[in-house]
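Dumped input.cif below, it's mmCIF, C-alpha atoms:
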data_data
#
loop_
_atom_site.label_atom_id
_atom_site.label_comp_id
_atom_site.auth_asym_id
_atom_site.auth_seq_id
_atom_site.Cartn_x
_atom_site.Cartn_y
_atom_site.Cartn_z
CA MET A 1 -8.24 -3.67 13.26
CA ALA A 2 -8.60 -1.84 9.99
CA ASP A 3 -9.82 1.57 8.85
CA ILE A 4 -11.61 1.82 5.51
CA ILE A 5 -12.42 5.00 3.62
CA THR A 6 -14.07 5.65 0.26
CA THR A 7 -13.01 8.58 -1.88
CA HIS A 8 -15.39 9.62 -4.65
CA TRP A 9 -14.65 11.81 -7.66
CA LYS A 10 -17.04 14.76 -7.66
CA GLY A 11 -16.15 16.18 -11.09
CA GLY A 12 -13.33 18.49 -12.08
CA MET A 13 -10.39 17.83 -9.78
CA GLN A 14 -12.55 17.40 -6.71
CA PHE A 15 -12.70 14.33 -4.51
CA GLU A 16 -14.84 13.75 -1.44
CA SER A 17 -13.71 11.26 1.15
CA ASP A 18 -15.54 9.77 4.06
CA ASN A 19 -14.06 8.89 7.44
CA PRO A 20 -14.87 6.39 10.20
CA SER A 21 -16.28 9.35 12.18
CA GLY A 22 -19.08 9.76 9.63
CA LYS A 23 -17.76 13.17 8.56
CA THR A 24 -16.41 13.91 5.09
CA VAL A 25 -13.66 16.06 3.61
CA MET A 26 -13.30 17.61 0.16
CA MET A 27 -9.94 17.53 -1.59
CA ASP A 28 -8.73 19.16 -4.79
CA THR A 29 -5.68 20.87 -6.23
CA ASN A 30 -4.73 24.05 -8.03
CA VAL A 31 -6.14 24.10 -11.55
CA GLU A 32 -4.32 26.17 -14.16
CA GLY A 33 -6.24 29.31 -15.03
CA SER A 34 -8.37 29.22 -11.87
CA ASP A 35 -7.73 30.49 -8.36
CA LYS A 36 -10.87 28.90 -6.94
CA ARG A 37 -10.41 26.02 -4.54
CA PHE A 38 -13.13 23.70 -3.26
CA GLY A 39 -11.13 21.49 -0.95
CA LEU A 40 -7.84 20.71 0.72
CA SER A 41 -4.54 19.71 -0.84
CA PRO A 42 -4.28 16.02 0.11
CA LYS A 43 -0.55 15.97 0.79
CA ALA A 44 -0.67 18.92 3.21
CA MET A 45 -3.65 17.23 4.87
CA MET A 46 -1.13 14.69 6.13
CA LEU A 47 0.54 17.45 8.14
CA SER A 48 -2.86 18.22 9.68
CA ALA A 49 -3.31 14.53 10.52
CA LEU A 50 0.03 14.61 12.32
CA ALA A 51 -0.95 17.61 14.44
CA GLY A 52 -4.46 16.28 15.08
CA CYS A 53 -3.19 12.85 16.15
CA SER A 54 -0.67 14.31 18.56
CA GLY A 55 -3.05 16.94 19.96
CA ILE A 56 -5.64 14.25 20.64
CA ASP A 57 -2.97 12.36 22.62
CA VAL A 58 -1.75 15.38 24.56
CA LEU A 59 -5.05 16.83 25.76
CA PRO A 60 -6.31 13.86 27.80
CA LEU A 61 -2.79 13.39 29.24
CA LEU A 62 -2.87 17.01 30.46
CA VAL A 63 -6.32 16.47 31.96
CA LYS A 64 -5.01 13.38 33.76
CA MET A 65 -2.04 15.43 35.03
CA LYS A 66 -4.43 18.20 36.13
CA VAL A 67 -2.65 20.72 33.88
CA VAL A 68 -4.86 23.55 32.61
CA VAL A 69 -3.97 25.28 29.36
CA ASP A 70 -5.87 28.17 27.81
CA ASP A 71 -4.93 27.44 24.25
CA LEU A 72 -2.90 25.10 22.08
CA LYS A 73 -1.70 25.65 18.54
CA MET A 74 0.49 23.32 16.54
CA ILE A 75 2.42 24.53 13.52
CA VAL A 76 3.67 21.78 11.21
CA GLN A 77 6.11 22.44 8.42
CA GLY A 78 6.97 19.82 5.81
CA GLU A 79 9.87 20.27 3.39
CA LEU A 80 9.23 18.64 0.02
CA THR A 81 11.72 16.87 -2.22
CA GLU A 82 12.43 18.55 -5.56
CA GLU A 83 11.89 15.44 -7.66
CA HIS A 84 8.81 13.26 -8.24
CA PRO A 85 7.39 11.60 -6.27
CA LYS A 86 7.47 14.70 -4.05
CA TYR A 87 7.32 13.76 -0.39
CA TYR A 88 8.11 15.42 2.94
CA HIS A 89 11.73 14.64 3.79
CA THR A 90 11.93 16.95 6.83
CA VAL A 91 9.05 17.79 9.14
CA THR A 92 8.93 20.05 12.21
CA VAL A 93 6.11 20.20 14.73
CA ASP A 94 5.97 23.27 16.97
CA TYR A 95 3.59 22.97 19.94
CA HIS A 96 2.51 26.35 21.32
CA PHE A 97 0.87 26.25 24.75
CA TYR A 98 -0.84 29.34 26.16
CA GLY A 99 -1.89 29.96 29.77
CA LYS A 100 -0.95 31.29 33.18
CA ASN A 101 1.23 29.11 35.45
CA LEU A 102 1.83 26.52 32.74
CA ASN A 103 3.51 23.47 34.27
CA GLU A 104 6.34 23.11 31.77
CA ASN A 105 7.60 19.78 33.08
CA LYS A 106 4.22 18.11 32.87
CA ILE A 107 3.47 19.59 29.44
CA ASN A 108 6.84 18.41 28.12
CA LYS A 109 6.12 14.98 29.56
CA ALA A 110 2.71 14.82 27.86
CA VAL A 111 4.15 15.89 24.50
CA ASN A 112 6.99 13.38 24.80
CA LEU A 113 4.55 10.55 25.56
CA SER A 114 2.66 11.39 22.39
CA VAL A 115 5.78 11.80 20.26
CA GLU A 116 7.58 8.71 21.53
CA LYS A 117 4.83 6.29 22.52
CA TYR A 118 1.29 6.99 21.37
CA CYS A 119 1.07 8.96 18.14
CA GLY A 120 0.78 6.46 15.30
CA VAL A 121 0.86 9.20 12.67
CA MET A 122 4.17 10.45 14.13
CA GLU A 123 5.53 6.89 13.91
CA MET A 124 4.56 6.72 10.24
CA PHE A 125 6.15 10.12 9.54
CA ARG A 126 9.41 8.96 11.13
CA GLN A 127 9.70 6.25 8.45
CA PHE A 128 9.99 8.77 5.60
CA ALA A 129 11.02 12.07 7.22
CA LYS A 130 13.41 13.53 9.71
CA VAL A 131 10.92 14.72 12.34
CA GLY A 132 11.71 17.45 14.85
CA THR A 133 9.44 18.62 17.67
CA LYS A 134 9.65 21.69 19.87
CA VAL A 135 7.45 22.94 22.72
CA HIS A 136 6.86 26.67 23.25
CA PHE A 137 5.25 28.27 26.30
CA HIS A 138 3.31 31.54 26.15
CA LYS A 139 2.47 32.74 29.64
CA MET B 1 9.47 24.07 -1.17
CA ALA B 2 7.64 23.63 2.09
CA ASP B 3 4.02 23.29 3.20
CA ILE B 4 3.00 24.82 6.51
CA ILE B 5 -0.24 24.22 8.36
CA THR B 6 -1.58 25.47 11.69
CA THR B 7 -3.82 23.29 13.83
CA HIS B 8 -5.79 25.02 16.56
CA TRP B 9 -7.49 23.45 19.56
CA LYS B 10 -11.20 24.35 19.50
CA GLY B 11 -12.14 22.98 22.93
CA GLY B 12 -13.03 19.43 23.95
CA MET B 13 -11.15 17.04 21.70
CA GLN B 14 -11.66 19.17 18.60
CA PHE B 15 -8.91 20.58 16.42
CA GLU B 16 -9.26 22.74 13.33
CA SER B 17 -6.50 22.75 10.77
CA ASP B 18 -5.89 25.04 7.85
CA ASN B 19 -4.41 24.04 4.50
CA PRO B 20 -2.45 25.80 1.73
CA SER B 21 -5.72 25.80 -0.28
CA GLY B 22 -7.31 28.19 2.23
CA LYS B 23 -9.83 25.55 3.30
CA THR B 24 -10.00 24.04 6.78
CA VAL B 25 -10.78 20.66 8.28
CA MET B 26 -12.08 19.69 11.71
CA MET B 27 -10.60 16.70 13.51
CA ASP B 28 -11.60 14.94 16.71
CA THR B 29 -11.89 11.47 18.18
CA ASN B 30 -14.38 9.25 19.97
CA VAL B 31 -15.07 10.55 23.47
CA GLU B 32 -16.21 8.02 26.08
CA GLY B 33 -19.86 8.43 26.88
CA SER B 34 -20.66 10.37 23.72
CA ASP B 35 -21.48 9.23 20.20
CA LYS B 36 -21.37 12.74 18.77
CA ARG B 37 -18.53 13.55 16.39
CA PHE B 38 -17.57 16.97 15.09
CA GLY B 39 -14.69 16.11 12.82
CA LEU B 40 -12.56 13.44 11.21
CA SER B 41 -10.27 10.88 12.81
CA PRO B 42 -6.80 12.21 11.89
CA LYS B 43 -5.18 8.85 11.25
CA ALA B 44 -7.86 7.68 8.81
CA MET B 45 -7.56 11.10 7.12
CA MET B 46 -4.17 9.88 5.90
CA LEU B 47 -5.95 7.16 3.91
CA SER B 48 -8.06 9.91 2.32
CA ALA B 49 -4.91 11.88 1.51
CA LEU B 50 -3.54 8.81 -0.27
CA ALA B 51 -6.66 8.41 -2.42
CA GLY B 52 -6.92 12.15 -3.09
CA CYS B 53 -3.28 12.44 -4.13
CA SER B 54 -3.49 9.53 -6.51
CA GLY B 55 -6.88 10.54 -7.96
CA ILE B 56 -5.53 14.02 -8.66
CA ASP B 57 -2.65 12.40 -10.60
CA VAL B 58 -4.84 9.98 -12.53
CA LEU B 59 -7.57 12.34 -13.78
CA PRO B 60 -5.38 14.73 -15.83
CA LEU B 61 -3.45 11.74 -17.21
CA LEU B 62 -6.74 10.27 -18.45
CA VAL B 63 -7.71 13.62 -20.00
CA LYS B 64 -4.33 13.73 -21.78
CA MET B 65 -4.91 10.15 -23.02
CA LYS B 66 -8.45 11.12 -24.15
CA VAL B 67 -9.98 8.47 -21.89
CA VAL B 68 -13.49 9.26 -20.69
CA VAL B 69 -14.70 7.75 -17.43
CA ASP B 70 -18.15 8.25 -15.93
CA ASP B 71 -17.13 7.74 -12.35
CA LEU B 72 -14.17 6.93 -10.14
CA LYS B 73 -14.21 5.64 -6.59
CA MET B 74 -11.20 4.65 -4.54
CA ILE B 75 -11.49 2.42 -1.50
CA VAL B 76 -8.51 2.47 0.83
CA GLN B 77 -8.10 -0.01 3.66
CA GLY B 78 -5.40 0.36 6.29
CA GLU B 79 -4.59 -2.43 8.74
CA LEU B 80 -3.44 -1.14 12.11
CA THR B 81 -0.80 -2.63 14.39
CA GLU B 82 -2.05 -3.97 17.72
CA GLU B 83 0.51 -2.13 19.85
CA HIS B 84 1.16 1.58 20.39
CA PRO B 85 2.07 3.57 18.42
CA LYS B 86 -0.67 2.16 16.19
CA TYR B 87 0.16 2.68 12.53
CA TYR B 88 -0.97 1.22 9.20
CA HIS B 89 1.28 -1.73 8.40
CA THR B 90 -0.68 -2.92 5.35
CA VAL B 91 -2.64 -0.68 3.00
CA THR B 92 -4.69 -1.56 -0.08
CA VAL B 93 -6.00 0.90 -2.64
CA ASP B 94 -8.81 -0.28 -4.92
CA TYR B 95 -9.51 1.96 -7.90
CA HIS B 96 -13.01 1.50 -9.32
CA PHE B 97 -13.59 3.01 -12.77
CA TYR B 98 -17.09 3.22 -14.22
CA GLY B 99 -18.06 3.89 -17.83
CA LYS B 100 -18.82 2.43 -21.25
CA ASN B 101 -15.93 1.38 -23.49
CA LEU B 102 -13.33 1.94 -20.76
CA ASN B 103 -9.84 1.71 -22.25
CA GLU B 104 -8.34 -0.69 -19.71
CA ASN B 105 -4.77 -0.42 -21.00
CA LYS B 106 -4.69 3.35 -20.80
CA ILE B 107 -6.38 3.43 -17.40
CA ASN B 108 -3.91 0.88 -16.03
CA LYS B 109 -1.09 2.99 -17.45
CA ALA B 110 -2.41 6.17 -15.78
CA VAL B 111 -2.80 4.42 -12.41
CA ASN B 112 0.68 2.92 -12.67
CA LEU B 113 2.21 6.32 -13.44
CA SER B 114 0.61 7.71 -10.29
CA VAL B 115 1.55 4.72 -8.13
CA GLU B 116 5.13 4.40 -9.35
CA LYS B 117 6.15 7.90 -10.34
CA TYR B 118 4.01 10.83 -9.25
CA CYS B 119 2.08 10.22 -6.04
CA GLY B 120 4.19 11.56 -3.19
CA VAL B 121 1.71 10.34 -0.58
CA MET B 122 2.00 6.81 -2.00
CA GLU B 123 5.79 7.10 -1.76
CA MET B 124 5.48 8.07 1.91
CA PHE B 125 3.09 5.19 2.61
CA ARG B 126 5.55 2.71 1.06
CA GLN B 127 8.07 3.63 3.76
CA PHE B 128 5.89 2.33 6.61
CA ALA B 129 3.36 -0.02 4.98
CA LYS B 130 3.08 -2.84 2.50
CA VAL B 131 0.98 -1.09 -0.16
CA GLY B 132 -1.12 -3.00 -2.68
CA THR B 133 -3.13 -1.46 -5.53
CA LYS B 134 -5.79 -2.96 -7.76
CA VAL B 135 -7.81 -1.55 -10.64
CA HIS B 136 -11.42 -2.58 -11.21
CA PHE B 137 -13.53 -1.84 -14.29
CA HIS B 138 -17.31 -1.48 -14.18
CA LYS B 139 -18.72 -1.25 -17.69
#

With the file now loaded, output its structure as structure tokens.
Amino acid sequence: MADIITTHWKGGMQFESDNPSGKTVMMDTNVEGSDKRFGLSPKAMMLSALAGCSGIDVLPLLVKMKVVVDDLKMIVQGELTEEHPKYYHTVTVDYHFYGKNLNENKINKAVNLSVEKYCGVMEMFRQFAKVGTKVHFHK
Amino acid sequence: MADIITTHWKGGMQFESDNPSGKTVMMDTNVEGSDKRFGLSPKAMMLSALAGCSGIDVLPLLVKMKVVVDDLKMIVQGELTEEHPKYYHTVTVDYHFYGKNLNENKINKAVNLSVEKYCGVMEMFRQFAKVGTKVHFHK
């Protein structure tokens, strides 16, 4: 199976990309002399893809385990190399679960299944970065 | 330097992520029994990040080289592994330049500088995928 996307220059430094979902995303970068942004920084969008991929694994696993959470936030930090080409050499993913009576064992199990088995984006990140994950509970 | 993003569960299978630019992106996935999508598939968003990163390198290089192009489209195809975790093992990036009197040498040079030297996302992709690039001219 293959995914195909088309990214189209929209003038200036702006690019619009489609997605198999039918939705689109605008990307751009900081332009000297302007503080106006029209889209996302593409590189940091990869950190969002990592969180999104893992979150989309974890949620149905929690449903299957009958674990109810009130909220979930993931904070992803990527440390960049100093030299070109600048890439993320160290990445941390912090999962923050909110709710009463959170079942910590089951939540840890769901996160581990995503991290170790299911999340393809995580697997790709492991090939270029040292990836650390941590689960936090807010009851 | 580090990039930090926060991805927040918005109910269902939807996640909203911020970006250093201040903009946000919605992500979700196909839900059985529904054909409605609210956001982008996170994994395919990585293909968009690759195109966006490289396009944002190439454009200012072309300006510096005084090369005028009417349009630029990038088509990125990622072949997925069959087994979990499913990742892109082979990726192709097709750059399509449109315009009259396109300076092919200079355009090839700009693309090569991005591919080989500047594009950090491309560098990350090379660590997990066989990456091929091709430049097409439409005069």

Determine which residues of chain B sit within 7 Å of chain A, taking into account all atoms listed in the file, and present them as a PDB file with C-alpha atoms, in the frame of the given file.
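Final output, saved to iface-v4.pdb:
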ATOM      1  CA  MET B   1       9.470  24.070  -1.170  1.00  0.00           C
ATOM      2  CA  ALA B   2       7.640  23.630   2.090  1.00  0.00           C
ATOM      3  CA  ASP B   3       4.020  23.290   3.200  1.00  0.00           C
ATOM      4  CA  ILE B   4       3.000  24.820   6.510  1.00  0.00           C
ATOM      5  CA  ILE B   5      -0.240  24.220   8.360  1.00  0.00           C
ATOM      6  CA  THR B   6      -1.580  25.470  11.690  1.00  0.00           C
ATOM      7  CA  THR B   7      -3.820  23.290  13.830  1.00  0.00           C
ATOM      8  CA  HIS B   8      -5.790  25.020  16.560  1.00  0.00           C
ATOM      9  CA  TRP B   9      -7.490  23.450  19.560  1.00  0.00           C
ATOM     10  CA  MET B  13     -11.150  17.040  21.700  1.00  0.00           C
ATOM     11  CA  PHE B  15      -8.910  20.580  16.420  1.00  0.00           C
ATOM     12  CA  SER B  17      -6.500  22.750  10.770  1.00  0.00           C
ATOM     13  CA  ASN B  19      -4.410  24.040   4.500  1.00  0.00           C
ATOM     14  CA  PRO B  20      -2.450  25.800   1.730  1.00  0.00           C
ATOM     15  CA  SER B  21      -5.720  25.800  -0.280  1.00  0.00           C
ATOM     16  CA  LYS B  23      -9.830  25.550   3.300  1.00  0.00           C
ATOM     17  CA  MET B  27     -10.600  16.700  13.510  1.00  0.00           C
ATOM     18  CA  ARG B  37     -18.530  13.550  16.390  1.00  0.00           C
ATOM     19  CA  GLY B  39     -14.690  16.110  12.820  1.00  0.00           C
ATOM     20  CA  LEU B  40     -12.560  13.440  11.210  1.00  0.00           C
ATOM     21  CA  SER B  41     -10.270  10.880  12.810  1.00  0.00           C
ATOM     22  CA  PRO B  42      -6.800  12.210  11.890  1.00  0.00           C
ATOM     23  CA  LYS B  43      -5.180   8.850  11.250  1.00  0.00           C
ATOM     24  CA  ALA B  44      -7.860   7.680   8.810  1.00  0.00           C
ATOM     25  CA  MET B  45      -7.560  11.100   7.120  1.00  0.00           C
ATOM     26  CA  MET B  46      -4.170   9.880   5.900  1.00  0.00           C
ATOM     27  CA  LEU B  47      -5.950   7.160   3.910  1.00  0.00           C
ATOM     28  CA  SER B  48      -8.060   9.910   2.320  1.00  0.00           C
ATOM     29  CA  ALA B  49      -4.910  11.880   1.510  1.00  0.00           C
ATOM     30  CA  ALA B  51      -6.660   8.410  -2.420  1.00  0.00           C
ATOM     31  CA  GLY B  52      -6.920  12.150  -3.090  1.00  0.00           C
ATOM     32  CA  CYS B  53      -3.280  12.440  -4.130  1.00  0.00           C
ATOM     33  CA  ILE B  56      -5.530  14.020  -8.660  1.00  0.00           C
ATOM     34  CA  ASP B  71     -17.130   7.740 -12.350  1.00  0.00           C
ATOM     35  CA  LEU B  72     -14.170   6.930 -10.140  1.00  0.00           C
ATOM     36  CA  LYS B  73     -14.210   5.640  -6.590  1.00  0.00           C
ATOM     37  CA  MET B  74     -11.200   4.650  -4.540  1.00  0.00           C
ATOM     38  CA  ILE B  75     -11.490   2.420  -1.500  1.00  0.00           C
ATOM     39  CA  VAL B  76      -8.510   2.470   0.830  1.00  0.00           C
ATOM     40  CA  GLN B  77      -8.100  -0.010   3.660  1.00  0.00           C
ATOM     41  CA  GLY B  78      -5.400   0.360   6.290  1.00  0.00           C
ATOM     42  CA  GLU B  79      -4.590  -2.430   8.740  1.00  0.00           C
ATOM     43  CA  LEU B  80      -3.440  -1.140  12.110  1.00  0.00           C
ATOM     44  CA  HIS B  84       1.160   1.580  20.390  1.00  0.00           C
ATOM     45  CA  PRO B  85       2.070   3.570  18.420  1.00  0.00           C
ATOM     46  CA  LYS B  86      -0.670   2.160  16.190  1.00  0.00           C
ATOM     47  CA  TYR B  87       0.160   2.680  12.530  1.00  0.00           C
ATOM     48  CA  LYS B 117       6.150   7.900 -10.340  1.00  0.00           C
ATOM     49  CA  TYR B 118       4.010  10.830  -9.250  1.00  0.00           C
ATOM     50  CA  CYS B 119       2.080  10.220  -6.040  1.00  0.00           C
ATOM     51  CA  GLY B 120       4.190  11.560  -3.190  1.00  0.00           C
ATOM     52  CA  VAL B 121       1.710  10.340  -0.580  1.00  0.00           C
ATOM     53  CA  GLU B 123       5.790   7.100  -1.760  1.00  0.00           C
ATOM     54  CA  MET B 124       5.480   8.070   1.910  1.00  0.00           C
ATOM     55  CA  GLN B 127       8.070   3.630   3.760  1.00  0.00           C
ATOM     56  CA  PHE B 128       5.890   2.330   6.610  1.00  0.00           C
TER      57      PHE B 128
END

Can you measure atom CA of Lys109 of chain B to atom CA of Val135 of chain B for me? One decimal in Å is fine. 10.6 Å

Is there a way to get, as a PyMOL selection string, all residues within 12 Å of the point (-1.2, 32.3, 30.8) in file coordinates, counting only C-alpha atoms? chain A and resi 68-72+96-104+137-139

Distance in Å - atom CA of Leu113 of chain A versus atom CA of Leu61 of chain A: 8.7 Å

Just to confirm, what's the straight-line distance from atom CA of His136 of chain A to atom CA of Lys64 of chain A in Å (one decimal)? 20.7 Å

Return chain A as a short mmCIF file (atom, residue, chain, number, x, y, z; two decimals) with C-alpha atoms, keeping the file's coordinate frame, after superposing it on chain B by a least-squares fit that covers all C-alpha atoms paired in order.
data_model
loop_
_atom_site.label_atom_id
_atom_site.label_comp_id
_atom_site.auth_asym_id
_atom_site.auth_seq_id
_atom_site.Cartn_x
_atom_site.Cartn_y
_atom_site.Cartn_z
CA MET A 1 9.49 24.05 -1.17
CA ALA A 2 7.64 23.63 2.08
CA ASP A 3 4.02 23.29 3.18
CA ILE A 4 3.00 24.83 6.50
CA ILE A 5 -0.25 24.23 8.35
CA THR A 6 -1.58 25.47 11.69
CA THR A 7 -3.80 23.28 13.82
CA HIS A 8 -5.79 25.01 16.55
CA TRP A 9 -7.49 23.44 19.55
CA LYS A 10 -11.18 24.35 19.50
CA GLY A 11 -12.13 22.96 22.93
CA GLY A 12 -13.03 19.44 23.94
CA MET A 13 -11.16 17.04 21.68
CA GLN A 14 -11.65 19.15 18.59
CA PHE A 15 -8.91 20.58 16.41
CA GLU A 16 -9.26 22.74 13.32
CA SER A 17 -6.49 22.75 10.76
CA ASP A 18 -5.89 25.02 7.84
CA ASN A 19 -4.42 24.03 4.48
CA PRO A 20 -2.47 25.80 1.73
CA SER A 21 -5.72 25.80 -0.29
CA GLY A 22 -7.32 28.18 2.23
CA LYS A 23 -9.85 25.55 3.29
CA THR A 24 -9.99 24.04 6.77
CA VAL A 25 -10.79 20.65 8.27
CA MET A 26 -12.08 19.69 11.71
CA MET A 27 -10.60 16.70 13.50
CA ASP A 28 -11.60 14.93 16.70
CA THR A 29 -11.87 11.46 18.17
CA ASN A 30 -14.36 9.26 19.95
CA VAL A 31 -15.05 10.54 23.46
CA GLU A 32 -16.18 8.03 26.07
CA GLY A 33 -19.85 8.44 26.89
CA SER A 34 -20.63 10.38 23.71
CA ASP A 35 -21.47 9.24 20.20
CA LYS A 36 -21.35 12.75 18.75
CA ARG A 37 -18.52 13.53 16.38
CA PHE A 38 -17.56 16.97 15.08
CA GLY A 39 -14.68 16.08 12.82
CA LEU A 40 -12.56 13.42 11.19
CA SER A 41 -10.27 10.87 12.80
CA PRO A 42 -6.81 12.20 11.88
CA LYS A 43 -5.17 8.84 11.24
CA ALA A 44 -7.86 7.68 8.80
CA MET A 45 -7.58 11.08 7.12
CA MET A 46 -4.19 9.87 5.91
CA LEU A 47 -5.96 7.17 3.90
CA SER A 48 -8.08 9.91 2.31
CA ALA A 49 -4.92 11.88 1.49
CA LEU A 50 -3.55 8.80 -0.27
CA ALA A 51 -6.66 8.40 -2.42
CA GLY A 52 -6.94 12.14 -3.09
CA CYS A 53 -3.28 12.44 -4.12
CA SER A 54 -3.50 9.52 -6.51
CA GLY A 55 -6.88 10.54 -7.96
CA ILE A 56 -5.54 14.02 -8.65
CA ASP A 57 -2.67 12.40 -10.59
CA VAL A 58 -4.86 9.99 -12.53
CA LEU A 59 -7.56 12.35 -13.78
CA PRO A 60 -5.38 14.74 -15.82
CA LEU A 61 -3.45 11.74 -17.21
CA LEU A 62 -6.74 10.27 -18.46
CA VAL A 63 -7.70 13.61 -20.00
CA LYS A 64 -4.33 13.72 -21.76
CA MET A 65 -4.90 10.15 -23.01
CA LYS A 66 -8.41 11.13 -24.16
CA VAL A 67 -9.97 8.46 -21.90
CA VAL A 68 -13.48 9.27 -20.68
CA VAL A 69 -14.71 7.76 -17.43
CA ASP A 70 -18.15 8.26 -15.93
CA ASP A 71 -17.13 7.75 -12.35
CA LEU A 72 -14.18 6.92 -10.14
CA LYS A 73 -14.21 5.63 -6.59
CA MET A 74 -11.19 4.65 -4.55
CA ILE A 75 -11.50 2.41 -1.51
CA VAL A 76 -8.51 2.47 0.83
CA GLN A 77 -8.10 0.00 3.65
CA GLY A 78 -5.40 0.36 6.29
CA GLU A 79 -4.60 -2.44 8.74
CA LEU A 80 -3.44 -1.14 12.11
CA THR A 81 -0.80 -2.62 14.40
CA GLU A 82 -2.06 -3.96 17.73
CA GLU A 83 0.50 -2.13 19.85
CA HIS A 84 1.16 1.59 20.41
CA PRO A 85 2.08 3.57 18.43
CA LYS A 86 -0.67 2.16 16.19
CA TYR A 87 0.16 2.67 12.54
CA TYR A 88 -0.96 1.22 9.20
CA HIS A 89 1.29 -1.73 8.40
CA THR A 90 -0.68 -2.92 5.35
CA VAL A 91 -2.63 -0.69 3.00
CA THR A 92 -4.69 -1.56 -0.09
CA VAL A 93 -6.00 0.91 -2.64
CA ASP A 94 -8.81 -0.29 -4.91
CA TYR A 95 -9.52 1.97 -7.91
CA HIS A 96 -13.02 1.50 -9.32
CA PHE A 97 -13.58 3.00 -12.77
CA TYR A 98 -17.09 3.22 -14.23
CA GLY A 99 -18.05 3.88 -17.85
CA LYS A 100 -18.82 2.44 -21.26
CA ASN A 101 -15.89 1.37 -23.49
CA LEU A 102 -13.32 1.95 -20.75
CA ASN A 103 -9.83 1.72 -22.24
CA GLU A 104 -8.33 -0.67 -19.70
CA ASN A 105 -4.77 -0.41 -20.97
CA LYS A 106 -4.70 3.36 -20.79
CA ILE A 107 -6.39 3.44 -17.38
CA ASN A 108 -3.91 0.90 -16.01
CA LYS A 109 -1.09 3.00 -17.43
CA ALA A 110 -2.42 6.17 -15.77
CA VAL A 111 -2.82 4.44 -12.41
CA ASN A 112 0.67 2.93 -12.65
CA LEU A 113 2.20 6.34 -13.42
CA SER A 114 0.60 7.71 -10.28
CA VAL A 115 1.53 4.73 -8.12
CA GLU A 116 5.11 4.41 -9.34
CA LYS A 117 6.14 7.92 -10.35
CA TYR A 118 3.99 10.83 -9.24
CA CYS A 119 2.07 10.22 -6.03
CA GLY A 120 4.18 11.57 -3.18
CA VAL A 121 1.70 10.35 -0.57
CA MET A 122 1.99 6.81 -2.00
CA GLU A 123 5.79 7.10 -1.73
CA MET A 124 5.49 8.07 1.93
CA PHE A 125 3.08 5.20 2.62
CA ARG A 126 5.53 2.73 1.08
CA GLN A 127 8.08 3.64 3.78
CA PHE A 128 5.89 2.32 6.62
CA ALA A 129 3.36 -0.02 4.98
CA LYS A 130 3.08 -2.83 2.51
CA VAL A 131 0.98 -1.10 -0.16
CA GLY A 132 -1.13 -2.99 -2.68
CA THR A 133 -3.12 -1.46 -5.53
CA LYS A 134 -5.78 -2.97 -7.75
CA VAL A 135 -7.81 -1.53 -10.64
CA HIS A 136 -11.44 -2.59 -11.20
CA PHE A 137 -13.53 -1.84 -14.28
CA HIS A 138 -17.32 -1.47 -14.18
CA LYS A 139 -18.72 -1.25 -17.69
#

Grab all the atoms of segment 89-96 of chain A that the file lists, wrap them in a box along x, y and z, add 4 Å per side, and give me centre plus edge lengths in Å (one decimal) as JSON.
{"center_x": 7.2, "center_y": 20.5, "center_z": 12.6, "size_x": 17.4, "size_y": 19.7, "size_z": 25.5}

Exercise: Leu62 of chain B partners within 8 Å, only C-alpha atoms, chain neighbours under 4 positions left out, as a list in words: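 So, after excluding close chain neighbours, the residues are Val58, Lys66, Val67, Val68, Lys106, Ile107 and Ala110 of chain B.
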
Add whatever atoms are absent from segment 65-74 of chain A to reach N, CA and C atoms, and provide the output as a PDB file, in the frame of the given file.
ATOM      1  N   MET A  65      -3.087  14.817  34.202  1.00  0.00           N
ATOM      2  CA  MET A  65      -2.040  15.430  35.030  1.00  0.00           C
ATOM      3  C   MET A  65      -2.530  16.703  35.724  1.00  0.00           C
ATOM      4  N   LYS A  66      -3.825  17.000  35.539  1.00  0.00           N
ATOM      5  CA  LYS A  66      -4.430  18.200  36.130  1.00  0.00           C
ATOM      6  C   LYS A  66      -3.726  19.495  35.685  1.00  0.00           C
ATOM      7  N   VAL A  67      -3.288  19.515  34.436  1.00  0.00           N
ATOM      8  CA  VAL A  67      -2.650  20.720  33.880  1.00  0.00           C
ATOM      9  C   VAL A  67      -3.697  21.460  33.051  1.00  0.00           C
ATOM     10  N   VAL A  68      -3.892  22.740  33.366  1.00  0.00           N
ATOM     11  CA  VAL A  68      -4.860  23.550  32.610  1.00  0.00           C
ATOM     12  C   VAL A  68      -4.101  24.416  31.616  1.00  0.00           C
ATOM     13  N   VAL A  69      -4.529  24.361  30.359  1.00  0.00           N
ATOM     14  CA  VAL A  69      -3.970  25.280  29.360  1.00  0.00           C
ATOM     15  C   VAL A  69      -5.123  26.064  28.757  1.00  0.00           C
ATOM     16  N   ASP A  70      -4.830  27.337  28.408  1.00  0.00           N
ATOM     17  CA  ASP A  70      -5.870  28.170  27.810  1.00  0.00           C
ATOM     18  C   ASP A  70      -6.015  27.904  26.318  1.00  0.00           C
ATOM     19  N   ASP A  71      -4.890  27.609  25.698  1.00  0.00           N
ATOM     20  CA  ASP A  71      -4.930  27.440  24.250  1.00  0.00           C
ATOM     21  C   ASP A  71      -3.768  26.565  23.804  1.00  0.00           C
ATOM     22  N   LEU A  72      -3.950  25.940  22.666  1.00  0.00           N
ATOM     23  CA  LEU A  72      -2.900  25.100  22.080  1.00  0.00           C
ATOM     24  C   LEU A  72      -2.965  25.246  20.565  1.00  0.00           C
ATOM     25  N   LYS A  73      -1.817  25.609  20.000  1.00  0.00           N
ATOM     26  CA  LYS A  73      -1.700  25.650  18.540  1.00  0.00           C
ATOM     27  C   LYS A  73      -0.504  24.819  18.131  1.00  0.00           C
ATOM     28  N   MET A  74      -0.646  24.086  17.065  1.00  0.00           N
ATOM     29  CA  MET A  74       0.490  23.320  16.540  1.00  0.00           C
ATOM     30  C   MET A  74       0.766  23.793  15.119  1.00  0.00           C
TER      31      MET A  74
END
